[in-house]
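Encoded as structure tokens, the structure appears first; notes follow it.
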Amino acid sequence: MVKQILMICLGNICRSPIAEAVMVDTISKAGLSNEWKVDSAAIGGWHVGNSPDQRALSTMKKHGLPYKNKARQITSKDFNEFDYIFGMDDENMSDLESRAPAGSKAKLLMLGNFGLEKSDRIIEDPYYQRGDAGFEKAYQQCVVACDAFLKDAVANKL
Ligand code: 4NP
């Protein structure tokens, strides 16, 4: 059975597209592309249909990650389709927990809880920051966390 991962952030134009692209790449490098599917979505609907922020696109491009998806908003169906739904910060997690239909299948996890130091677990929203340093930081956090998650998942620890 293919396992499905959904990356979530507030707008689906900064952090979760990067997390999606990094997870796709991590899975591909592990030779597991036939066993996993990855998507991303937003908590809010403001940017539905839009491509990621230019700074997210340039960060992905810089690291050789292709990205074609457009923003969409999470639906209640997602909570039963996906096996793992990842938030980027505490606000995402409380939004996900309050939207999850009772008894739904998905495990709700904060991405930074995998592989990162406690002080570095929050993948902060870079949208309102000037420049692209926050996007590079989010990328670096995603690289560590996606690798750590995949190792745990393959070892059946989750
Ligand atoms: P993201 O960043 O959640 O990482 O995609 C944001 C993008 C847009 C907004 C907030 C956060 N916004 O309020 O429009």
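Naming scheme: A, B, ... for chains in displayed order of the structure tokens; residues 1 onward per chain; ligands 1 onward as shown.
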DSSP on the backbone: which residues in stretch 61-116 of chain A end up as alpha helix (DSSP H)? Give the answer as a PyMOL selection string.
chain A and resi 61-62+78-81+90-99
Near-stretch 74-89 of chain A list (6 Å; only C-alpha atoms; drop same-chain fewer than 5 positions) as a list of chain:residue names
A:Gln4, A:Ile5, A:Leu6, A:Met7, A:Ile8, A:Cys9, A:Ala41, A:Ala42, A:Ser104, A:Lys105, A:Ala106, A:Lys107, A:Leu108, A:Leu109, A:Met110, A:Leu111, A:Ile122, A:Ile123
Taking only C-alpha atoms into account, which of A:Gln141, A:Thr26, A:Ser33, A:Ser16 comes nearest A:Gly115?
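Using only C-alpha atoms, A:Gly115 sits closest to A:Gln141.
Of the residues in stretch 37-135 of chain A, those given strand (DSSP E or B) by DSSP on the backbone are Lys37, Val38, Asp39, Ser40, Ala41, Ala42, Gln73, Tyr84, Ile85, Phe86, Gly87, Lys107, Leu108, Leu109 and Met110 of chain A.
Taking atom CA of A:Asn69 as the reference point, atom CA of A:Val38 is found at 11.2 Å.
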Residues near A:Val143, cut-off 9 Å, only C-alpha atoms, skip fewer than 6 positions along chain, as a PyMOL selection string
chain A and resi 19+22-23+26
Could the residues in this selection be saved with N, CA, C and O atoms as an mmCIF file, in the first residue's frame?
```
data_model
loop_
_atom_site.group_PDB
_atom_site.id
_atom_site.type_symbol
_atom_site.label_atom_id
_atom_site.label_comp_id
_atom_site.auth_asym_id
_atom_site.auth_seq_id
_atom_site.Cartn_x
_atom_site.Cartn_y
_atom_site.Cartn_z
ATOM 1 N N ALA A 19 8.591 21.970 1.873
ATOM 2 C CA ALA A 19 8.571 20.677 2.588
ATOM 3 C C ALA A 19 8.153 19.547 1.646
ATOM 4 O O ALA A 19 8.711 18.441 1.695
ATOM 5 N N VAL A 22 11.064 18.832 -0.771
ATOM 6 C CA VAL A 22 12.169 18.160 -0.074
ATOM 7 C C VAL A 22 11.784 16.709 0.243
ATOM 8 O O VAL A 22 12.595 15.794 0.079
ATOM 9 N N MET A 23 10.543 16.485 0.658
ATOM 10 C CA MET A 23 10.131 15.105 0.981
ATOM 11 C C MET A 23 10.127 14.237 -0.281
ATOM 12 O O MET A 23 10.580 13.082 -0.243
ATOM 13 N N THR A 26 13.732 13.436 -0.899
ATOM 14 C CA THR A 26 14.263 12.500 0.108
ATOM 15 C C THR A 26 13.806 11.074 -0.215
ATOM 16 O O THR A 26 14.589 10.114 -0.157
#
```
Nearest-residue call for ligand 1, choices A:Ala138, A:Ala30, A:Ala102, A:Leu96, using only C-alpha atoms and all ligand atoms:
A:Ala138
Have a look at atom CA of A:Gly31 and atom CA of A:His63 and let me know their distance in Å, one decimal.
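Taking atom CA of A:Gly31 as the start and atom CA of A:His63 as the end point, the length is 19.1 Å.
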